[in-house]
Amino acid sequence: MVLQLRGVTKSYETTDGPLPVLRGIDLGLNAGETLALTGESGSGKSTLLHLVGGLDTADAGVIEVAGEDVARMDDAARATLRRETVGVVFQQFNLIPALDVAANLSFQARLAGRHDPDWQAVLAERLGLTPYLRRYPEQLSGGQQQRVAIGRAMATRPALLLADEPTGNLDEATADTVLALMLELVAETEAALLMVTHSERLADRMARRVHLRRGQAA
């Protein structure tokens with residue numbers, strides 16, 4: 001099992017006291033499995049994704065990624081987890097403007113000491129980016145930029161790919177194309193995929209779905 005959550009809770013402090021966001025989440029995800037996380041705004045979807053990726057810390061519960069308890073990691077260990085084990089794709093592409101497509105694709109892998117030129121060439125070809133390797137992010141369309149972001153996340157061959165509304169800034173046709181490419185890559189590498197989405201249409205493309213309502217899995 002690549003991802004296992006048991007009794008995960010999270011609250012945020014407000015002027016009116018603690019605001020519970022997650023109220024005891026249990027969830028498991030195996031290698032090669034895809035899961036859509038759905039729910040209304042404020043239901044805790046992005047919070048849960050951030051906890052799994054070590055971008056925030058849970059109040060209680062166990063979050064295991066590839067057998068390692070994220071909740072017990074310090075900041076340095078969580079950063080290593082994101083470099084080596086977990087790939088993250090956000091709605092905002094978060095590409096580095098000063099780097100061309102080739103350098104953006106290799107950036108995460110180089111940080112992790114896992115740069116593989118052959119695998120990067122495969123990713124560029126599969127994502128339709130080979131003709132654009134010397135272009136910069138501002139010279140690309142939104143769909144092309146998101147494909148670069150996916151390639152960057154997959155360059156390390158992560159065990160787990162986290163995607164937070166990865167097609168939210170794209171039109172429907174482009175969103176379908178981008179999701180299809182992402183699903184092909186995770187199937188090929190046997191990565192697990194946890195994707196937050198508001199789209200029922202896109203959620204139906206995943207093998208499973210979990211719906212969050214008021215911080216609980218419904």
# chains A, B, ... in the order shown; residues from 1 in each chain; ligands from 1

call {"tool": "select_by_dssp", "arguments": {"residues": "segment 23-218 of chain A", "states": "alpha helix (DSSP H)", "output": "VMD selection string"}}
result
chain A and resid 45 to 52 75 to 84 101 to 111 117 to 126 142 to 154 172 to 189 200 to 203

call {"tool": "write_last_selection", "arguments": {"atoms": "C-alpha atoms", "output": "PDB file, in the first residue's frame"}}
result
ATOM      1  CA  LYS A  45      -9.946  18.194   0.096  1.00  0.00           C
ATOM      2  CA  SER A  46      -6.911  20.401  -0.428  1.00  0.00           C
ATOM      3  CA  THR A  47      -6.064  20.271   3.270  1.00  0.00           C
ATOM      4  CA  LEU A  48      -5.932  16.481   3.082  1.00  0.00           C
ATOM      5  CA  LEU A  49      -3.716  16.606   0.011  1.00  0.00           C
ATOM      6  CA  HIS A  50      -1.353  19.048   1.716  1.00  0.00           C
ATOM      7  CA  LEU A  51      -1.104  16.771   4.774  1.00  0.00           C
ATOM      8  CA  VAL A  52      -0.257  13.761   2.611  1.00  0.00           C
ATOM      9  CA  ASP A  75      10.666  19.640   7.757  1.00  0.00           C
ATOM     10  CA  ALA A  76      13.830  18.278   6.136  1.00  0.00           C
ATOM     11  CA  ALA A  77      12.442  14.742   5.956  1.00  0.00           C
ATOM     12  CA  ARG A  78       9.173  15.980   4.462  1.00  0.00           C
ATOM     13  CA  ALA A  79      11.122  17.931   1.836  1.00  0.00           C
ATOM     14  CA  THR A  80      13.029  14.755   0.972  1.00  0.00           C
ATOM     15  CA  LEU A  81       9.734  12.881   0.708  1.00  0.00           C
ATOM     16  CA  ARG A  82       8.448  15.408  -1.851  1.00  0.00           C
ATOM     17  CA  ARG A  83      11.676  15.217  -3.831  1.00  0.00           C
ATOM     18  CA  GLU A  84      11.999  11.441  -3.927  1.00  0.00           C
ATOM     19  CA  VAL A 101      10.872  23.535 -20.728  1.00  0.00           C
ATOM     20  CA  ALA A 102      13.770  21.059 -20.646  1.00  0.00           C
ATOM     21  CA  ALA A 103      15.175  22.577 -17.457  1.00  0.00           C
ATOM     22  CA  ASN A 104      11.742  22.733 -15.815  1.00  0.00           C
ATOM     23  CA  LEU A 105      11.186  19.062 -16.635  1.00  0.00           C
ATOM     24  CA  SER A 106      14.487  18.037 -15.055  1.00  0.00           C
ATOM     25  CA  PHE A 107      14.375  20.407 -12.074  1.00  0.00           C
ATOM     26  CA  GLN A 108      12.755  18.077  -9.512  1.00  0.00           C
ATOM     27  CA  ALA A 109      14.712  15.037 -10.657  1.00  0.00           C
ATOM     28  CA  ARG A 110      18.014  16.883 -10.380  1.00  0.00           C
ATOM     29  CA  LEU A 111      17.162  17.965  -6.830  1.00  0.00           C
ATOM     30  CA  PRO A 117      17.872  11.908 -19.629  1.00  0.00           C
ATOM     31  CA  ASP A 118      16.302   8.906 -21.370  1.00  0.00           C
ATOM     32  CA  TRP A 119      13.201   8.977 -19.143  1.00  0.00           C
ATOM     33  CA  GLN A 120      12.951  12.745 -19.566  1.00  0.00           C
ATOM     34  CA  ALA A 121      13.019  12.306 -23.344  1.00  0.00           C
ATOM     35  CA  VAL A 122      10.234   9.725 -23.065  1.00  0.00           C
ATOM     36  CA  LEU A 123       8.173  12.089 -20.905  1.00  0.00           C
ATOM     37  CA  ALA A 124       8.673  14.978 -23.320  1.00  0.00           C
ATOM     38  CA  GLU A 125       7.583  12.813 -26.242  1.00  0.00           C
ATOM     39  CA  ARG A 126       4.573  11.320 -24.451  1.00  0.00           C
ATOM     40  CA  GLY A 142      -2.017  26.752 -20.367  1.00  0.00           C
ATOM     41  CA  GLY A 143      -2.382  23.125 -21.427  1.00  0.00           C
ATOM     42  CA  GLN A 144       1.269  22.945 -22.436  1.00  0.00           C
ATOM     43  CA  GLN A 145       2.372  24.458 -19.126  1.00  0.00           C
ATOM     44  CA  GLN A 146       0.340  21.901 -17.184  1.00  0.00           C
ATOM     45  CA  ARG A 147       1.902  19.112 -19.223  1.00  0.00           C
ATOM     46  CA  VAL A 148       5.327  20.431 -18.220  1.00  0.00           C
ATOM     47  CA  ALA A 149       4.198  20.438 -14.579  1.00  0.00           C
ATOM     48  CA  ILE A 150       3.065  16.814 -14.887  1.00  0.00           C
ATOM     49  CA  GLY A 151       6.335  15.826 -16.558  1.00  0.00           C
ATOM     50  CA  ARG A 152       8.330  17.537 -13.823  1.00  0.00           C
ATOM     51  CA  ALA A 153       6.359  15.656 -11.142  1.00  0.00           C
ATOM     52  CA  MET A 154       6.775  12.320 -12.935  1.00  0.00           C
ATOM     53  CA  GLU A 172     -12.829  21.038 -21.141  1.00  0.00           C
ATOM     54  CA  ALA A 173     -11.135  19.547 -24.212  1.00  0.00           C
ATOM     55  CA  THR A 174      -7.642  20.420 -22.951  1.00  0.00           C
ATOM     56  CA  ALA A 175      -8.520  19.127 -19.477  1.00  0.00           C
ATOM     57  CA  ASP A 176      -9.543  15.772 -20.943  1.00  0.00           C
ATOM     58  CA  THR A 177      -6.293  15.521 -22.895  1.00  0.00           C
ATOM     59  CA  VAL A 178      -4.136  16.449 -19.898  1.00  0.00           C
ATOM     60  CA  LEU A 179      -5.912  13.994 -17.584  1.00  0.00           C
ATOM     61  CA  ALA A 180      -5.614  11.195 -20.144  1.00  0.00           C
ATOM     62  CA  LEU A 181      -1.858  11.783 -20.389  1.00  0.00           C
ATOM     63  CA  MET A 182      -1.512  11.819 -16.601  1.00  0.00           C
ATOM     64  CA  LEU A 183      -3.466   8.563 -16.253  1.00  0.00           C
ATOM     65  CA  GLU A 184      -1.323   6.912 -18.937  1.00  0.00           C
ATOM     66  CA  LEU A 185       1.881   7.899 -17.140  1.00  0.00           C
ATOM     67  CA  VAL A 186       0.788   6.731 -13.693  1.00  0.00           C
ATOM     68  CA  ALA A 187      -0.388   3.427 -15.190  1.00  0.00           C
ATOM     69  CA  GLU A 188       2.947   2.964 -16.934  1.00  0.00           C
ATOM     70  CA  THR A 189       4.991   3.700 -13.802  1.00  0.00           C
ATOM     71  CA  GLU A 200     -17.831  14.816 -11.675  1.00  0.00           C
ATOM     72  CA  ARG A 201     -16.864  14.092 -15.285  1.00  0.00           C
ATOM     73  CA  LEU A 202     -13.164  13.883 -14.442  1.00  0.00           C
ATOM     74  CA  ALA A 203     -13.785  12.018 -11.189  1.00  0.00           C
TER      75      ALA A 203
END

call {"tool": "residues_around", "arguments": {"residues": "Thr38 of chain A", "least_positions_apart": "4", "cutoff": "12 Å", "atoms": "only C-alpha atoms", "output": "ChimeraX atom specification"}}
result
/A:42-46,48-49,164-165,194-204,206,208-218

call {"tool": "closest_residue", "arguments": {"among": "A:Glu190, A:Asn169, A:Leu95, A:Ile25", "to": "Leu5 of chain A", "atoms": "only C-alpha atoms"}}
result
A:Ile25

call {"tool": "atom_distance", "arguments": {"atom1": "atom CA of Leu193 of chain A", "atom2": "atom CA of Ala71 of chain A"}}
result
20.1 Å

call {"tool": "select_by_dssp", "arguments": {"residues": "segment 59-198 of chain A", "states": "strand (DSSP E or B)", "output": "compact mmCIF listing (two decimals) with C-alpha atoms, in the first residue's frame"}}
result
# COMPACT_ATOMS: atom_id res chain seq x y z
CA ALA A 60 -3.71 13.58 15.10
CA GLY A 61 -3.76 10.31 13.20
CA VAL A 62 -1.35 8.39 10.99
CA ILE A 63 -0.33 9.30 7.44
CA GLU A 64 1.93 6.67 5.90
CA VAL A 65 3.46 7.18 2.45
CA GLU A 68 6.92 6.13 6.23
CA ASP A 69 4.87 8.08 8.80
CA VAL A 86 5.78 12.13 -3.91
CA GLY A 87 5.08 14.16 -7.03
CA VAL A 88 2.76 17.15 -6.77
CA VAL A 89 0.77 18.90 -9.51
CA PHE A 90 -1.20 22.03 -8.62
CA LEU A 160 2.56 8.69 -5.26
CA LEU A 161 1.30 11.53 -7.44
CA LEU A 162 -0.84 14.21 -5.80
CA ALA A 163 -2.89 16.47 -8.08
CA ASP A 164 -4.89 19.42 -6.74
CA ALA A 192 -0.69 5.79 -7.14
CA LEU A 193 -2.70 8.92 -8.00
CA LEU A 194 -4.75 10.99 -5.55
CA MET A 195 -6.54 13.82 -7.35
CA VAL A 196 -8.70 16.59 -5.92

call {"tool": "residues_around", "arguments": {"residues": "Pro97 of chain A", "least_positions_apart": "6", "cutoff": "9 Å", "atoms": "only C-alpha atoms", "output": "ChimeraX atom specification"}}
result
/A:104,136-138

call {"tool": "closest_residue", "arguments": {"among": "A:Gln139, A:Leu19, A:Gly28, A:Arg157", "to": "Ala98 of chain A", "atoms": "only C-alpha atoms"}}
result
A:Gln139

call {"tool": "residues_around", "arguments": {"residues": "Leu29 of chain A", "least_positions_apart": "4", "cutoff": "8 Å", "atoms": "only C-alpha atoms", "output": "compact mmCIF listing (two decimals) with N, CA and C atoms, in the first residue's frame"}}
result
# COMPACT_ATOMS: atom_id res chain seq x y z
N MET A 1 0.85 -1.20 0.00
CA MET A 1 0.00 0.00 0.00
C MET A 1 0.88 1.25 0.00
N VAL A 2 0.66 2.14 -0.96
CA VAL A 2 1.48 3.34 -1.08
C VAL A 2 1.04 4.41 -0.08
N LEU A 3 -0.25 4.52 0.14
CA LEU A 3 -0.77 5.56 1.04
C LEU A 3 -1.79 4.97 1.99
N GLN A 4 -1.61 5.28 3.29
CA GLN A 4 -2.58 4.84 4.28
C GLN A 4 -2.80 5.95 5.31
N GLU A 33 -3.12 2.54 -8.34
CA GLU A 33 -4.54 2.86 -8.14
C GLU A 33 -4.76 4.36 -8.27
N THR A 34 -5.92 4.74 -8.81
CA THR A 34 -6.27 6.15 -8.95
C THR A 34 -7.52 6.44 -8.15
N LEU A 35 -7.51 7.57 -7.46
CA LEU A 35 -8.61 7.93 -6.58
C LEU A 35 -8.92 9.42 -6.72
N ALA A 192 0.66 5.54 -7.62
CA ALA A 192 -0.69 5.79 -7.14
C ALA A 192 -1.02 7.27 -7.39
